Amino acid sequence: MSMAPPSADERVGARSALRRLLARPELGAAAGAAAVWLFFAAVAGDSGFLSAAGTVTYLEVAAELGILAVAVAMLMIGGEFDLSVGSLIGASGMLLTVLAAEYEWPLGAALLAVAAFAVATGLLNGYLVVRTGLPSFIVTLATLFVFRGATIGLTRVATGRTQVGRLADVPGYAAANAVFAAEFPLGGVGVPVSIMWWLALAALATWVLRRTPFGNWIYGAGGDASAARNVGVPVHRVKVTLFVLTALAAALVGVIQAVTYGGADVLRGELREFHAIIVVVVGGTLLSGGYGTAAGAVFGALIFGMVRQGIVFSGVDADWFQVFLGAMLLAAVLVNNWVRRRATLAR
Amino acid sequence: MIAPLIAAEGLGKYFGHVIALRDVSLAVRAGEVLALLGDNGAGKSTLIKCLSGVHRPDEGELRVDGKRVRFASPRDALAHGIATVYQDLAMIPLLSVARNFFLGNEPVVGWGPFRRFDAAAADRVTREELARMGIDVRDTSEPVGTLSGGERQSVAIARAVYFGARVLILDEPTSALGVREAGVVLRYIARARTRGVGVVFITHNVHHAYPVADRFTILDRGRSRGTFARDEISREELLTLMAGGKELDALGHELARRSPVASPPAS
């Protein structure tokens, strides 16, 4: 097959290029991130927001949510929700800690068990959704409570507690720490490796969505499942795969937290399912599926991190963070609806 | 004589006690448009679902190139070159024209983990194929939602032809469209015919079918009322043959008598 460049149509001019930029799903979130940064640079610039150390603190907050949000973005583009990710974070961290610190499994085996557990829960969520035909919102709302309750119950049965520590004392912890929790020096500050995980996964997701047939299937499955099925897209397989990837991302966050803090708490990851959906929507992904980008989720998570830490730097009571989060979600949905109308009906 | 691309003989289909189709026969040859006419409930949908592999007929047989076939699924029918374009289930509105065109059949380049969607090739082929069908799309990276209903149907037709459809089954492709838009789609049906595709054009609109079809099969309550070549039958005769014909006449007379009385007084 020849690789000649596509013949340019002379009627596609500058106006169309501008419109294509405006039609980028992540544009609103990128502009929002810039505005938030400028705001806190002005308000809290002299109290450390602009310093390298300050930058790292909000990037770390953004990364922890962003790893999850990148996977949730792919799932939501594919037309489904996963509310169970919050409880999966708690379950994964606890599983790792209990197996390694209480049952003295080799750390590598415990990590493999966590990965297998994540794949199993992703398959469970996915098959429940595609087999029953129920909305994934309901199915994963149910599994959210089942997983959280089972984590608390089983942890208490196994250890008699709800917080388990001593993960830092197990053999092999140094290696796990290097992969999941290390800080490497850059410009005089320690940069947590989780930021690298976040950016690498976002780049991978962008590649999959934009440059692979599977990515095209994700957009097709989310945009119109029956139309996609009519042209031969294995819609069910696509959705189940996305649920598995989302569960793996949640497990990665759980492992990073457990290794960073040297232990786990059954309540870790609470509200994370909603935070992830919020930053994905702020990033321009449609709730109804079929439209969005991984880059949008990156900018959404960045806004989340900057605001959460910026409020601390500017000395405002952190209680106000949630007010901002809710207002931003509403504003983002309104902007997204407007952008989508412009993108599809502008003729 | 060359066997028809697809032929149905004595097809029957029952849903419980309901006779959806009984003893229906039709044949489509290469480069021919067969219009399948009928009112709502005449059995048009059941017939195309039998032809496209969604339903398995209870009676009669299907032949492709003269050989008897039984389609296991729509994909099986597709493998025999029978492609169906459904009225609203053809395109993903938010996906670009080029990505829609290749959805489910993406061209790839590279190897192993670097095997990737060949966006440049998809773009070029889409542009070429649409041009061959006479469809003028400015920018194949625009979402399909920016196209009009007629253009969307036309892109779906071009896609089916490109992926090797020898028989194209079009389910009410013009029914949701305005007059000018319907004309656009009819032109692409004629274009597909000149490329040697056999077309089954399902519609309840005689005015859309008459200009483009070579032959007409009329369905009424699950039975065929016959197949006519265009030079054998006039538009008016077709209308009358369809169940609604006489009833429409009666309705017209009835409404013409009543309307002056029924109209509200001018204020």
# chains A, B, ... in the order shown; residues from 1 in each chain; ligands from 1
call {"tool": "interface_residues", "arguments": {"of": "chain B", "to": "chain A", "cutoff": "10 Å", "atoms": "only C-alpha atoms", "output": "ChimeraX atom specification"}}
result
/B:74-75,78,83-86,88-95,99-109,114-125,127-128,137-139,141-148,160
call {"tool": "write_last_selection", "arguments": {"atoms": "N, CA and C atoms", "output": "short mmCIF file (atom, residue, chain, number, x, y, z; two decimals), in the first residue's frame"}}
result
data_model
loop_
_atom_site.label_atom_id
_atom_site.label_comp_id
_atom_site.auth_asym_id
_atom_site.auth_seq_id
_atom_site.Cartn_x
_atom_site.Cartn_y
_atom_site.Cartn_z
N PRO B 74 -25.83 -12.16 10.34
CA PRO B 74 -25.58 -11.06 9.40
C PRO B 74 -24.15 -11.06 8.86
N ARG B 75 -23.20 -11.49 9.70
CA ARG B 75 -21.82 -11.53 9.23
C ARG B 75 -21.64 -12.59 8.14
N LEU B 78 -22.87 -11.12 5.04
CA LEU B 78 -21.87 -10.15 4.59
C LEU B 78 -20.74 -10.87 3.86
N ALA B 83 -24.80 -6.93 1.82
CA ALA B 83 -24.64 -5.91 2.86
C ALA B 83 -25.94 -5.16 3.03
N THR B 84 -26.27 -4.86 4.29
CA THR B 84 -27.51 -4.16 4.59
C THR B 84 -27.19 -2.82 5.24
N VAL B 85 -27.81 -1.76 4.75
CA VAL B 85 -27.65 -0.44 5.36
C VAL B 85 -28.97 -0.08 6.03
N TYR B 86 -28.94 0.01 7.34
CA TYR B 86 -30.16 0.31 8.08
C TYR B 86 -30.36 1.81 8.19
N ASP B 88 -31.30 4.09 10.59
CA ASP B 88 -30.65 4.99 11.56
C ASP B 88 -29.44 4.35 12.21
N LEU B 89 -29.17 3.09 11.92
CA LEU B 89 -28.09 2.43 12.64
C LEU B 89 -26.84 2.31 11.79
N ALA B 90 -26.59 3.32 10.95
CA ALA B 90 -25.50 3.18 10.00
C ALA B 90 -24.21 3.82 10.49
N MET B 91 -24.28 4.92 11.23
CA MET B 91 -23.10 5.74 11.49
C MET B 91 -23.04 6.16 12.95
N ILE B 92 -21.82 6.40 13.44
CA ILE B 92 -21.62 6.95 14.78
C ILE B 92 -21.47 8.47 14.64
N PRO B 93 -22.41 9.26 15.14
CA PRO B 93 -22.42 10.70 14.82
C PRO B 93 -21.16 11.45 15.25
N LEU B 94 -20.58 11.08 16.42
CA LEU B 94 -19.46 11.88 16.93
C LEU B 94 -18.11 11.42 16.39
N LEU B 95 -18.11 10.35 15.62
CA LEU B 95 -16.86 9.84 15.06
C LEU B 95 -16.64 10.45 13.67
N ARG B 99 -13.07 7.60 10.15
CA ARG B 99 -13.09 6.55 11.17
C ARG B 99 -14.37 5.74 11.11
N ASN B 100 -15.48 6.40 10.79
CA ASN B 100 -16.73 5.67 10.57
C ASN B 100 -16.62 4.72 9.40
N PHE B 101 -16.00 5.22 8.33
CA PHE B 101 -15.90 4.43 7.10
C PHE B 101 -15.20 3.10 7.37
N PHE B 102 -14.16 3.16 8.21
CA PHE B 102 -13.35 1.96 8.45
C PHE B 102 -13.65 1.28 9.79
N LEU B 103 -14.68 1.75 10.51
CA LEU B 103 -14.98 1.15 11.81
C LEU B 103 -15.23 -0.35 11.64
N GLY B 104 -14.49 -1.15 12.40
CA GLY B 104 -14.62 -2.60 12.31
C GLY B 104 -13.75 -3.24 11.24
N ASN B 105 -13.16 -2.41 10.36
CA ASN B 105 -12.27 -2.92 9.29
C ASN B 105 -11.06 -1.99 9.16
N GLU B 106 -10.45 -1.62 10.28
CA GLU B 106 -9.43 -0.59 10.26
C GLU B 106 -8.18 -1.06 9.52
N PRO B 107 -7.65 -0.21 8.62
CA PRO B 107 -6.36 -0.53 8.00
C PRO B 107 -5.24 -0.31 9.02
N VAL B 108 -4.23 -1.20 9.01
CA VAL B 108 -3.14 -1.04 9.98
C VAL B 108 -1.80 -1.04 9.25
N VAL B 109 -0.82 -0.38 9.87
CA VAL B 109 0.56 -0.44 9.42
C VAL B 109 1.43 -0.80 10.61
N PHE B 114 3.71 -2.15 17.67
CA PHE B 114 3.63 -0.87 16.97
C PHE B 114 2.62 -0.89 15.83
N ARG B 115 1.89 -1.99 15.72
CA ARG B 115 0.85 -2.08 14.72
C ARG B 115 -0.19 -1.01 15.02
N ARG B 116 -0.46 -0.16 14.05
CA ARG B 116 -1.33 0.95 14.38
C ARG B 116 -2.32 1.25 13.26
N PHE B 117 -3.36 1.96 13.65
CA PHE B 117 -4.40 2.41 12.73
C PHE B 117 -3.76 3.34 11.71
N ASP B 118 -3.92 3.02 10.43
CA ASP B 118 -3.29 3.83 9.38
C ASP B 118 -4.24 4.97 9.01
N ALA B 119 -4.13 6.04 9.79
CA ALA B 119 -5.08 7.15 9.63
C ALA B 119 -4.94 7.80 8.24
N ALA B 120 -3.69 7.88 7.75
CA ALA B 120 -3.49 8.52 6.44
C ALA B 120 -4.17 7.72 5.34
N ALA B 121 -3.98 6.39 5.38
CA ALA B 121 -4.61 5.55 4.36
C ALA B 121 -6.13 5.60 4.47
N ALA B 122 -6.64 5.56 5.72
CA ALA B 122 -8.08 5.62 5.93
C ALA B 122 -8.65 6.90 5.33
N ASP B 123 -7.94 7.99 5.57
CA ASP B 123 -8.37 9.28 5.08
C ASP B 123 -8.39 9.31 3.55
N ARG B 124 -7.29 8.80 2.96
CA ARG B 124 -7.16 8.84 1.50
C ARG B 124 -8.22 7.96 0.84
N VAL B 125 -8.36 6.72 1.32
CA VAL B 125 -9.32 5.80 0.70
C VAL B 125 -10.73 6.34 0.85
N ARG B 127 -11.70 9.42 1.09
CA ARG B 127 -11.88 10.53 0.15
C ARG B 127 -12.09 10.00 -1.27
N GLU B 128 -11.24 9.02 -1.67
CA GLU B 128 -11.33 8.47 -3.03
C GLU B 128 -12.67 7.78 -3.26
N VAL B 137 -17.31 15.37 0.27
CA VAL B 137 -17.12 15.68 1.69
C VAL B 137 -15.86 16.52 1.81
N ARG B 138 -15.99 17.71 2.38
CA ARG B 138 -14.86 18.63 2.42
C ARG B 138 -13.71 18.06 3.24
N ASP B 139 -14.06 17.49 4.41
CA ASP B 139 -13.02 17.13 5.36
C ASP B 139 -13.42 15.81 6.02
N SER B 141 -12.11 14.34 8.39
CA SER B 141 -11.89 14.27 9.83
C SER B 141 -13.01 14.95 10.60
N GLU B 142 -13.99 15.50 9.88
CA GLU B 142 -15.16 16.08 10.55
C GLU B 142 -16.04 14.97 11.09
N PRO B 143 -16.70 15.20 12.23
CA PRO B 143 -17.62 14.17 12.71
C PRO B 143 -18.78 13.94 11.74
N VAL B 144 -19.24 12.70 11.67
CA VAL B 144 -20.35 12.37 10.77
C VAL B 144 -21.60 13.18 11.12
N GLY B 145 -21.70 13.58 12.40
CA GLY B 145 -22.85 14.38 12.83
C GLY B 145 -22.99 15.68 12.08
N THR B 146 -21.90 16.17 11.46
CA THR B 146 -22.01 17.41 10.70
C THR B 146 -22.62 17.17 9.32
N LEU B 147 -22.72 15.89 8.91
CA LEU B 147 -23.31 15.60 7.60
C LEU B 147 -24.83 15.58 7.70
N SER B 148 -25.48 15.83 6.58
CA SER B 148 -26.93 15.74 6.56
C SER B 148 -27.35 14.27 6.52
N ALA B 160 -20.34 0.27 2.15
CA ALA B 160 -20.74 -1.11 1.84
C ALA B 160 -20.19 -1.54 0.49
#
call {"tool": "residues_around", "arguments": {"residues": "Ile135 of chain B", "least_positions_apart": "5", "cutoff": "9 Å", "atoms": "only C-alpha atoms", "output": "ChimeraX atom specification"}}
result
/B:127,129-130,151,154-155,158,188
call {"tool": "write_last_selection", "arguments": {"atoms": "C-alpha atoms", "output": "mmCIF file, in the first residue's frame"}}
result
data_model
loop_
_atom_site.group_PDB
_atom_site.id
_atom_site.type_symbol
_atom_site.label_atom_id
_atom_site.label_comp_id
_atom_site.auth_asym_id
_atom_site.auth_seq_id
_atom_site.Cartn_x
_atom_site.Cartn_y
_atom_site.Cartn_z
ATOM 1 C CA ARG B 127 -11.884 10.526 0.153
ATOM 2 C CA GLU B 129 -14.290 6.179 -2.470
ATOM 3 C CA LEU B 130 -16.654 9.027 -1.675
ATOM 4 C CA GLU B 151 -25.032 12.357 3.108
ATOM 5 C CA SER B 154 -24.641 7.949 1.031
ATOM 6 C CA VAL B 155 -21.447 7.408 3.036
ATOM 7 C CA ALA B 158 -20.170 3.942 -0.342
ATOM 8 C CA TYR B 188 -26.041 7.226 -5.201
#
call {"tool": "residues_around", "arguments": {"residues": "segment 2-4 of chain B", "least_positions_apart": "2", "cutoff": "8 Å", "atoms": "only C-alpha atoms", "output": "number ranges by chain"}}
result
B: 6-7, 27-30, 64-66
call {"tool": "atom_distance", "arguments": {"atom1": "atom CA of Ala101 of chain A", "atom2": "atom CA of Glu64 of chain A"}}
result
23.5 Å
call {"tool": "closest_residue", "arguments": {"among": "B:Gly41, B:Gly31, B:Gly60, B:Pro113", "to": "Lys13 of chain B", "atoms": "only C-alpha atoms"}}
result
B:Gly60
call {"tool": "select_by_dssp", "arguments": {"residues": "segment 86-192 of chain B", "states": "strand (DSSP E or B)", "output": "MDAnalysis selection string"}}
result
chainID B and resid 96 108:109 116:117 143 167:171
call {"tool": "closest_residue", "arguments": {"among": "A:Gly172, A:Gly326, A:Gly90, A:Gly149", "to": "Ala264 of chain A", "atoms": "only C-alpha atoms"}}
result
A:Gly90
call {"tool": "atom_distance", "arguments": {"atom1": "atom CA of Ala182 of chain B", "atom2": "atom CA of Ala229 of chain B"}}
result
22.4 Å
call {"tool": "atom_distance", "arguments": {"atom1": "atom CA of Ala44 of chain A", "atom2": "atom CA of Val307 of chain A"}}
result
11.2 Å
call {"tool": "residues_around", "arguments": {"residues": "Phe180 of chain A", "least_positions_apart": "3", "cutoff": "9 Å", "atoms": "only C-alpha atoms", "output": "list in words"}}
result
Ala175, Ala176, Asn177, Pro192, Val193, Ser194, Trp197, Leu252, Val255, Ile256, Gln257, Val259 and Thr260 of chain A
call {"tool": "residues_around", "arguments": {"residues": "Val197 of chain B", "least_positions_apart": "3", "cutoff": "9 Å", "atoms": "only C-alpha atoms", "output": "number ranges by chain"}}
result
B: 29-33, 161, 165-168, 192-194
call {"tool": "write_last_selection", "arguments": {"atoms": "N, CA and C atoms", "output": "tab-separated table (two decimals), in the first residue's frame"}}
result
chain	number	residue	atom	x	y	z
B	29	ARG	N	-30.34	-9.12	-10.00
B	29	ARG	CA	-29.14	-9.37	-10.80
B	29	ARG	C	-28.17	-8.22	-10.64
B	30	ALA	N	-26.94	-8.47	-11.09
B	30	ALA	CA	-25.92	-7.42	-11.00
B	30	ALA	C	-26.37	-6.21	-11.82
B	31	GLY	N	-26.14	-5.03	-11.28
B	31	GLY	CA	-26.48	-3.80	-11.99
B	31	GLY	C	-27.96	-3.57	-12.14
B	32	GLU	N	-28.73	-4.04	-11.17
B	32	GLU	CA	-30.19	-3.91	-11.22
B	32	GLU	C	-30.70	-3.39	-9.88
B	33	VAL	N	-31.70	-2.51	-9.92
B	33	VAL	CA	-32.33	-2.05	-8.68
B	33	VAL	C	-33.73	-2.65	-8.60
B	161	VAL	N	-20.22	-0.64	-0.50
B	161	VAL	CA	-19.71	-0.97	-1.83
B	161	VAL	C	-18.21	-1.22	-1.76
B	165	ALA	N	-19.56	-5.30	-1.13
B	165	ALA	CA	-20.95	-5.69	-1.25
B	165	ALA	C	-21.28	-5.90	-2.72
B	166	ARG	N	-21.89	-7.05	-3.04
B	166	ARG	CA	-22.38	-7.27	-4.40
B	166	ARG	C	-23.87	-7.03	-4.44
B	167	VAL	N	-24.51	-7.27	-3.28
B	167	VAL	CA	-25.92	-6.95	-3.15
B	167	VAL	C	-26.06	-5.97	-1.99
B	168	LEU	N	-26.74	-4.89	-2.24
B	168	LEU	CA	-26.90	-3.85	-1.24
B	168	LEU	C	-28.38	-3.81	-0.87
B	192	ALA	N	-24.36	3.24	-7.55
B	192	ALA	CA	-23.97	1.89	-7.12
B	192	ALA	C	-24.37	0.88	-8.19
B	193	ARG	N	-25.53	1.09	-8.81
B	193	ARG	CA	-25.98	0.18	-9.87
B	193	ARG	C	-25.01	0.17	-11.04
B	194	THR	N	-24.54	1.37	-11.46
B	194	THR	CA	-23.62	1.42	-12.60
B	194	THR	C	-22.30	0.75	-12.25
call {"tool": "residues_around", "arguments": {"residues": "segment 53-56 of chain A", "least_positions_apart": "4", "cutoff": "9 Å", "atoms": "only C-alpha atoms", "output": "MDAnalysis selection string"}}
result
chainID A and resid 48:49 60:61 188:192 195 306 309:310 313
call {"tool": "write_last_selection", "arguments": {"atoms": "C-alpha atoms", "output": "PDB file, in the first residue's frame"}}
result
ATOM      1  CA  GLY A  48       5.049  28.337  47.930  1.00  0.00           C
ATOM      2  CA  PHE A  49       2.609  27.440  45.136  1.00  0.00           C
ATOM      3  CA  GLU A  60       1.429  14.129  43.180  1.00  0.00           C
ATOM      4  CA  VAL A  61      -2.207  14.704  44.130  1.00  0.00           C
ATOM      5  CA  GLY A 188      16.542  19.973  43.940  1.00  0.00           C
ATOM      6  CA  VAL A 189      13.257  18.267  44.896  1.00  0.00           C
ATOM      7  CA  GLY A 190      12.142  14.640  45.068  1.00  0.00           C
ATOM      8  CA  VAL A 191       9.638  13.796  42.341  1.00  0.00           C
ATOM      9  CA  PRO A 192       7.396  10.814  43.188  1.00  0.00           C
ATOM     10  CA  ILE A 195       3.813  11.158  38.391  1.00  0.00           C
ATOM     11  CA  MET A 306      -3.834  22.406  41.736  1.00  0.00           C
ATOM     12  CA  GLN A 309      -3.182  22.091  47.101  1.00  0.00           C
ATOM     13  CA  GLY A 310      -3.648  25.713  46.008  1.00  0.00           C
ATOM     14  CA  PHE A 313      -1.184  27.300  50.003  1.00  0.00           C
TER      15      PHE A 313
END
call {"tool": "select_by_dssp", "arguments": {"residues": "segment 97-234 of chain B", "states": "helix (DSSP H, G or I)", "output": "ChimeraX atom specification"}}
result
/B:97-102,112-114,119-132,144-146,149-162,179-194,206-212,230-232
call {"tool": "residues_around", "arguments": {"residues": "Ala297 of chain A", "least_positions_apart": "2", "cutoff": "6 Å", "atoms": "only C-alpha atoms", "output": "PyMOL selection string"}}
result
chain A and resi 69-70+279-280+283+294-295+299-300
call {"tool": "closest_residue", "arguments": {"among": "A:Val335, A:Ala118, A:Leu302, A:Leu325", "to": "Ala34 of chain A", "atoms": "only C-alpha atoms"}}
result
A:Leu302
